[in-house]
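These notes concern the structure reproduced below.
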Amino acid sequence: MNKKLLKKIALFLLLIFTWSSAGLGQEISPAQIAQYKSLMNSQTSKSAPLNVPSLAGENKIAPAEEKLNQIKTIPGEALGSEIEEYFAKTISEEAEIYKFKPLQQFGYKIFRQTGAELSSGGDQPLVSADYMIGPGDSFIVTMWGIAEGVFDVQVNPEGNVILPKVGVVPVAGVRYGDLKSYIEKQLTRYYEQVNVAVAIKNIAGIRVYVVGEVNQPGTYNVSSLSTAYNALFMAGGPTKRGSLRDVRIIRGGKIIGHMDLYNFLLYGNRKQDVNLIAGDTVFVPIIGPVAAVAGNVRRAGIYEIKPGADLSDVITMAGGVLPTSYINRVQIERVVAHEKRAVLDKQFNFSEKNPRFYTDVKDMDLIKIYPIFSAVDNVVYLDGAVKYPGPYQWRSGLKVRDLLANAENLVIGAYLPRAEIVRTDRHNFESKIIEFGLGKLLSGDNKENYALEAGDRLVVSSELKLPKKISLKGEIRLSGDYTISKGDRLSSVIKRAGGFTDQAYLFGAIFKRKSARDVQTKSLNELVDQMETDLLIKEKNMSSLGLTDADLALKNQENARNRELVSRLKEKAEIEGRVIIALRDPGLFEGTKDDIELEDGDELMVPKISNVVNVLGEVYNPSSVVFQDNKSAAFYLAKVGGTTSQANSGEIYLIRADGSIVSRRQGYDIPATKLLPGDTILVPKSFERLDFWLAIKDFTHWFYEATLAFAVIATYIKK
């Protein structure tokens with residue numbers, strides 16, 4: 001095994017070791033890839049897919065090189081280059097005010113594809129008539145007539161092909177356009193009355209170099225038809241540190257061409273493109289001066305500029321200004337003498353006769369094009385009970401009747417006795433109201449036909465009021481939303497809805513009202529505020545009570561529980577606005593004190609007959625128990641295992657299905673109280689019990705002090 005092969009194997013094993021050490025699925029860094037490729041270049045060169053295979057057959061890629069090509073992609077640069085980050089900070093304040101879009105360096109996105117996509121051959125030029133046949137090319141010769149045949153021939157390194165009967169035929173240096181006649185002439189020397197066709201099969205590959213500020217610098221095998229553009233795309237294009245405006249083609253140590261990619265990107269012009277030959281170098285130098293354009297232009301971005309560029313050149317690259325641009329103030333933010341930043345405001349008379357901005361642009365300039373004032377100046381506004389509200393063009397002499405010519409312009413409910421013009425004084429910005437009789441105006445009274453000024457707002461009020469509604473839900477025959485009038489009562493709407501179904505549980509009906517919810521919410525907020533105030537006062541006064549450490553700990557524990565209660569009231573209390581009513585059949589219900597007058601937004605929910613009693617709180621098994629007639633609260637408490645040791649058994653209370661509360665403080669014996677379907681028993685937690693662990697801690701502290709005292713006394717007696 002020779003040394004070169006051993007070296008290749010060693011490099012391949014080193015690559016695999018590094019890749020596995022970095023962790024499967026992790027990318028090898030671009031620096032590592034470049035290092036391995038530079039080592040391997042002494043044995044093999046990079047291969048890029050060609051438009052047509054080379055003469056020697058398919059390009060063979062070394063194993064390590066193949067592995068690299070499998071894992072590599074053209075590395076998209078960080079989402080913010082140093083230049084982009086600088087301009088992002090510079091416009092950050094105004095970006096929010098004027099909605100400036102983020103600025104990116106122009107032109108680099110076109111290269112953000114994989115090398116295979118860009119070099120698959122779709123952009124390779126066709127073989128031209130001027131192409132010179134050379135070693136490595138292959139073509140197919142088809143002959144028909146008296147003699148027929150198809151010959152696949154290749155140009156050998158000496159520039160010759162071998163044809164049947166003819167033998168060796170030199171073709172190197174023959175133009176492709178002349179190849180058919182040349183081959184035909186050679187064949188007719190041995191064949192009579194034959195027709196000949198020649199078609200290129202493969203074009204030889206060449207080796208070129210792409211270096212400088214590109215994403216994947218190195219050596220590339222490309223088609224001999226490739227141009228500098230093709231090679232640049234294969235290398236992933238310039239990095240954002242590389243120039244797009246001075247790409248150089250070097251041949252034999254001399255620069256034979258310069259490419260300004262902006263000509264291609266902005267105008268589609270590829271005249272500067274150069275056909276490559278073996279050994280050519282495509283070099284991308286460091287980026288030149290740049291200027292950014294932000295704001296109201298068609299293509300905001302960061303552009304590379306050439307010496308002598310003026311403001312017009314840069315704005316043209318940005319696609320020009322928009323019609324909404326305020327070009328009487330174009331601002332340039334500039335770095336001055338490596339010391340500070342300064343702002344230059346320019347005023348321009350932009351017209352067809354003078355379309356250019358003759359102002360020099362410097363490196364790192366930020367050009368800001370602001371929008372015009374967004375408000376429309378020459379309008380009046382029509383609002384209210386009209387068919388076609390909105391802005392209308394103001395012109396000198398415009399009057400009210402020009403906007404409201406007749407009653408056809410109004411909607412149903414328009415208030416005719418009075419309309420108004422709202423006018424803002426442009427000097428002191430005070431508003432005044434000008435009233436006029438709309439009905440009189442429509443009747444032909446010219447005194448009411450006021451002249452309008454720009455910015456006036458003509459308002460027509462409406463007498464039409466939105467209908468009030470109540471929502472009926474649950475066990476009601478025709479549930480849904482019902483329109484109500486002033487003075488309607490609950491019984492009347494229930495009659496309109498067909499009354500209740502057979503499954504209706506009237507005692508458990510829930511009636512909600514928006515105004516009640518507002519009052520209840522306000523009361524709860526006041527209660528919470530008062531509790532917080534009392535708690536703060538109590539905590540503040542604790543230091544003056546002279547409490548022991550143990551008592552102080554108990555008080556702090558009590559205060560913590562109180563704070564938790566207040567917090568729960570603030571966060572979890574849901575106010576529904578429920579109003580307790582004794583609902584009955586419409587015939588018995590009508591005219592009673594519970595037959596309340598309805599308000600807009602009222603809601604009545606009638607549930608089905610309930611067959612359970614709920615038992616919640618400090619019981620062993622909080623749950624629902626099947627209802628049984630004439631059973632007391634004690635029966636249902638026993639069903640769930642009774643109260644726990646933490647229960648405050650003296651303060652058990654009932655929440656009736658109709659929303660009312662029954663408690664000991666009302667004089668009820670709760671355990672003996674008979675329950676109804678849907679009722680709820682709630683057993684609260686006791687907060688007055690002694691904390692066991694706190695008591696143990698206090699006892700231990702007392703025992704230690706007592707033992708210490710006895711020890712001191714014993715020592716004193718011994719003396």
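Residue numbering restarts at 1 in every chain; chains get A, B, ... in the order shown in the structure tokens, and ligands count up from 1 in that same order.
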Legend entry - Selection: 8 Å around A:Asp481, only C-alpha atoms, excl. self and same-chain fewer than 6 positions, as a PyMOL selection string: chain A and resi 469-472
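Every protein or nucleic acid residue with an atom no more than 12 Å from A:Leu616, counting only C-alpha atoms and leaving out same-chain residues fewer than 6 positions away, appears here: Pro622, Ser623, Ser624, Val625, Tyr636, Leu637, Val640, Gly641, Gly642, Thr643, Thr644, Ala647, Ile652, Tyr653, Leu654, Ile655, Asp679, Thr680, Ile681, Leu682, Val683, Pro684 and Lys685 of chain A.
The spacing separating atom CA of A:Gly134 from atom CA of A:Gly205 amounts to 10.7 Å.
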Inset, instruction - Write out as a PyMOL selection string all residues of stretch 583-629 of chain A that DSSP puts in helix (DSSP H, G or I) for this structure's backbone. - result: chain A and resi 586-589
Same residues, N, CA and C atoms, saved as a compact mmCIF listing (two decimals), in the first residue's frame:
```txt
# COMPACT_ATOMS: atom_id res chain seq x y z
N PRO A 586 -96.48 30.67 35.70
CA PRO A 586 -96.83 32.06 35.34
C PRO A 586 -98.12 32.56 35.96
N GLY A 587 -99.13 31.69 36.07
CA GLY A 587 -100.41 32.15 36.64
C GLY A 587 -100.29 32.54 38.09
N LEU A 588 -99.51 31.80 38.86
CA LEU A 588 -99.32 32.09 40.28
C LEU A 588 -98.24 33.14 40.51
N PHE A 589 -97.33 33.26 39.54
CA PHE A 589 -96.17 34.14 39.69
C PHE A 589 -96.51 35.59 39.35
```
Inset, instruction - List the neighbours of A:Tyr131 out to 8 Å using only C-alpha atoms; skip same-chain residues closer than 4 positions along the sequence, and give me the result as a ChimeraX atom specification. - result: /A:127,175-177
Inset, instruction - Determine, counting only C-alpha atoms, which protein, DNA and RNA residues have an atom within 12 Å of an atom of A:Tyr86; residues of the same chain fewer than 5 positions away are not included. Present the result as a ChimeraX atom specification. - result: /A:80-81,91-92,102-105,290-292,302,335,364-366
Report the residues of stretch 216-384 of chain A whose backbone DSSP state falls under strand (DSSP E), written as a short mmCIF file (atom, residue, chain, number, x, y, z; two decimals) with N, CA and C atoms, in the first residue's frame.
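New file states_11.cif:
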```cif
data_model
loop_
_atom_site.label_atom_id
_atom_site.label_comp_id
_atom_site.auth_asym_id
_atom_site.auth_seq_id
_atom_site.Cartn_x
_atom_site.Cartn_y
_atom_site.Cartn_z
N GLY A 218 -12.19 27.48 -2.42
CA GLY A 218 -11.47 26.26 -2.74
C GLY A 218 -11.35 26.04 -4.23
N THR A 219 -11.01 24.80 -4.59
CA THR A 219 -10.81 24.39 -5.97
C THR A 219 -12.06 23.67 -6.46
N TYR A 220 -12.49 23.96 -7.70
CA TYR A 220 -13.70 23.37 -8.24
C TYR A 220 -13.46 22.83 -9.64
N ASN A 221 -13.94 21.63 -9.91
CA ASN A 221 -13.98 21.08 -11.26
C ASN A 221 -15.29 21.50 -11.89
N VAL A 222 -15.24 22.26 -12.97
CA VAL A 222 -16.44 22.78 -13.61
C VAL A 222 -16.37 22.48 -15.10
N SER A 223 -17.50 22.65 -15.74
CA SER A 223 -17.54 22.50 -17.19
C SER A 223 -16.69 23.57 -17.85
N VAL A 247 -15.89 41.87 -8.05
CA VAL A 247 -15.42 40.49 -8.14
C VAL A 247 -14.41 40.41 -9.28
N ARG A 248 -13.25 39.83 -9.00
CA ARG A 248 -12.15 39.86 -9.97
C ARG A 248 -11.87 38.47 -10.52
N ILE A 249 -11.57 38.42 -11.84
CA ILE A 249 -11.16 37.18 -12.50
C ILE A 249 -9.68 37.30 -12.82
N ILE A 250 -8.89 36.36 -12.29
CA ILE A 250 -7.43 36.41 -12.42
C ILE A 250 -6.99 35.24 -13.30
N ARG A 251 -6.19 35.55 -14.30
CA ARG A 251 -5.70 34.53 -15.23
C ARG A 251 -4.21 34.77 -15.47
N LYS A 254 -2.69 37.84 -13.73
CA LYS A 254 -3.18 39.17 -14.07
C LYS A 254 -4.71 39.21 -13.98
N ILE A 255 -5.23 40.39 -13.59
CA ILE A 255 -6.68 40.57 -13.52
C ILE A 255 -7.19 40.83 -14.94
N ILE A 256 -8.03 39.92 -15.44
CA ILE A 256 -8.54 40.08 -16.80
C ILE A 256 -9.99 40.57 -16.83
N GLY A 257 -10.62 40.69 -15.67
CA GLY A 257 -12.00 41.16 -15.66
C GLY A 257 -12.47 41.52 -14.27
N HIS A 258 -13.39 42.48 -14.23
CA HIS A 258 -14.06 42.88 -12.99
C HIS A 258 -15.56 42.69 -13.19
N MET A 259 -16.21 42.13 -12.19
CA MET A 259 -17.66 41.95 -12.27
C MET A 259 -18.34 42.76 -11.17
N THR A 281 -8.84 32.04 -11.60
CA THR A 281 -9.20 32.30 -10.21
C THR A 281 -10.28 33.37 -10.15
N VAL A 282 -11.34 33.09 -9.41
CA VAL A 282 -12.38 34.08 -9.12
C VAL A 282 -12.14 34.56 -7.69
N PHE A 283 -11.87 35.85 -7.54
CA PHE A 283 -11.47 36.40 -6.24
C PHE A 283 -12.49 37.45 -5.80
N VAL A 284 -12.98 37.31 -4.53
CA VAL A 284 -13.93 38.26 -3.95
C VAL A 284 -13.22 39.02 -2.84
N VAL A 290 -20.37 51.26 2.21
CA VAL A 290 -21.80 50.94 2.16
C VAL A 290 -22.61 52.12 2.66
N ALA A 291 -23.85 52.18 2.21
CA ALA A 291 -24.82 53.17 2.70
C ALA A 291 -26.16 52.48 2.82
N ALA A 292 -26.94 52.87 3.81
CA ALA A 292 -28.25 52.25 4.05
C ALA A 292 -29.34 53.25 3.72
N VAL A 293 -30.45 52.72 3.21
CA VAL A 293 -31.63 53.53 2.91
C VAL A 293 -32.80 52.93 3.69
N ALA A 294 -33.39 53.73 4.57
CA ALA A 294 -34.51 53.27 5.40
C ALA A 294 -35.73 54.15 5.14
N GLY A 295 -36.91 53.55 5.34
CA GLY A 295 -38.12 54.34 5.25
C GLY A 295 -38.89 54.13 3.97
N GLY A 301 -32.76 48.93 2.28
CA GLY A 301 -31.67 47.99 2.50
C GLY A 301 -30.34 48.68 2.64
N ILE A 302 -29.29 47.85 2.69
CA ILE A 302 -27.91 48.34 2.81
C ILE A 302 -27.21 48.04 1.50
N TYR A 303 -26.63 49.05 0.88
CA TYR A 303 -26.07 48.93 -0.46
C TYR A 303 -24.58 49.27 -0.47
N GLU A 304 -23.84 48.51 -1.24
CA GLU A 304 -22.42 48.81 -1.44
C GLU A 304 -22.32 49.91 -2.49
N SER A 325 -43.69 59.48 0.10
CA SER A 325 -42.45 59.95 0.73
C SER A 325 -42.44 61.47 0.81
N TYR A 326 -41.96 61.96 1.94
CA TYR A 326 -41.82 63.41 2.13
C TYR A 326 -40.38 63.80 1.78
N ILE A 327 -40.17 64.16 0.51
CA ILE A 327 -38.79 64.38 0.04
C ILE A 327 -38.30 65.79 0.29
N ASN A 328 -39.12 66.64 0.89
CA ASN A 328 -38.62 67.96 1.28
C ASN A 328 -37.76 67.88 2.54
N ARG A 329 -37.69 66.67 3.11
CA ARG A 329 -36.79 66.47 4.24
C ARG A 329 -36.22 65.05 4.15
N VAL A 330 -35.05 64.94 3.54
CA VAL A 330 -34.32 63.69 3.49
C VAL A 330 -33.15 63.82 4.45
N GLN A 331 -33.08 62.90 5.40
CA GLN A 331 -32.08 63.02 6.46
C GLN A 331 -30.96 62.00 6.26
N ILE A 332 -29.73 62.47 6.44
CA ILE A 332 -28.56 61.60 6.36
C ILE A 332 -27.88 61.60 7.72
N GLU A 333 -27.73 60.40 8.30
CA GLU A 333 -27.01 60.26 9.57
C GLU A 333 -25.62 59.73 9.24
N ARG A 334 -24.59 60.43 9.65
CA ARG A 334 -23.23 60.18 9.15
C ARG A 334 -22.23 60.09 10.29
N VAL A 335 -21.22 59.22 10.10
CA VAL A 335 -20.08 59.16 11.02
C VAL A 335 -19.05 60.17 10.55
N VAL A 336 -18.66 61.07 11.45
CA VAL A 336 -17.76 62.16 11.08
C VAL A 336 -16.38 61.92 11.69
N LYS A 340 -17.63 61.01 15.85
CA LYS A 340 -19.00 61.24 16.28
C LYS A 340 -19.96 61.00 15.12
N ARG A 341 -21.24 61.00 15.47
CA ARG A 341 -22.28 60.90 14.44
C ARG A 341 -22.99 62.23 14.34
N ALA A 342 -23.31 62.60 13.13
CA ALA A 342 -23.99 63.87 12.88
C ALA A 342 -25.17 63.63 11.95
N VAL A 343 -26.11 64.57 11.97
CA VAL A 343 -27.31 64.48 11.15
C VAL A 343 -27.34 65.63 10.17
N LEU A 344 -27.63 65.32 8.91
CA LEU A 344 -27.76 66.33 7.86
C LEU A 344 -29.18 66.25 7.30
N ASP A 345 -29.90 67.36 7.36
CA ASP A 345 -31.23 67.43 6.75
C ASP A 345 -31.13 68.14 5.42
N LYS A 346 -31.64 67.49 4.37
CA LYS A 346 -31.58 68.06 3.04
C LYS A 346 -32.99 68.35 2.54
N ASP A 365 -23.15 55.84 5.77
CA ASP A 365 -24.25 56.79 5.84
C ASP A 365 -25.57 56.05 5.99
N LEU A 366 -26.47 56.62 6.79
CA LEU A 366 -27.84 56.12 6.89
C LEU A 366 -28.77 57.18 6.33
N ILE A 367 -29.43 56.85 5.23
CA ILE A 367 -30.34 57.78 4.56
C ILE A 367 -31.76 57.43 4.97
N LYS A 368 -32.48 58.39 5.52
CA LYS A 368 -33.84 58.14 6.01
C LYS A 368 -34.84 58.95 5.19
N ILE A 369 -35.79 58.25 4.60
CA ILE A 369 -36.85 58.87 3.81
C ILE A 369 -38.13 58.75 4.63
N TYR A 370 -38.66 59.87 5.09
CA TYR A 370 -39.82 59.87 5.97
C TYR A 370 -41.12 59.91 5.17
N PRO A 371 -42.21 59.42 5.78
CA PRO A 371 -43.51 59.50 5.09
C PRO A 371 -44.13 60.88 5.23
N VAL A 379 -60.64 67.50 3.31
CA VAL A 379 -61.84 66.68 3.46
C VAL A 379 -62.74 67.26 4.54
N VAL A 380 -64.02 66.89 4.43
CA VAL A 380 -64.98 67.05 5.51
C VAL A 380 -65.56 65.66 5.78
N TYR A 381 -66.10 65.47 6.98
CA TYR A 381 -66.55 64.14 7.38
C TYR A 381 -68.05 64.16 7.66
N LEU A 382 -68.73 63.12 7.22
CA LEU A 382 -70.16 62.97 7.46
C LEU A 382 -70.35 61.75 8.36
N ASP A 383 -70.98 61.97 9.53
CA ASP A 383 -71.13 60.91 10.53
C ASP A 383 -72.57 60.78 10.97
N GLY A 384 -72.86 59.63 11.61
CA GLY A 384 -74.14 59.47 12.27
C GLY A 384 -75.16 58.73 11.43
#
```
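Closest to A:Lys593 among A:Ile537, A:Arg418, A:Gly145, A:Ser491 is A:Ser491, based on only C-alpha atoms.
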Inset, instruction - Would you kindly return, as a ChimeraX atom specification, each protein, DNA or RNA residue with an atom no farther than 6 Å from any atom of A:Ala385, considering only C-alpha atoms and excluding same-chain residues fewer than 6 positions away? - result: /A:411,414,460-462
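Between atom CA of A:Ile110 and atom CA of A:Gly268 lies a distance of 13.0 Å.
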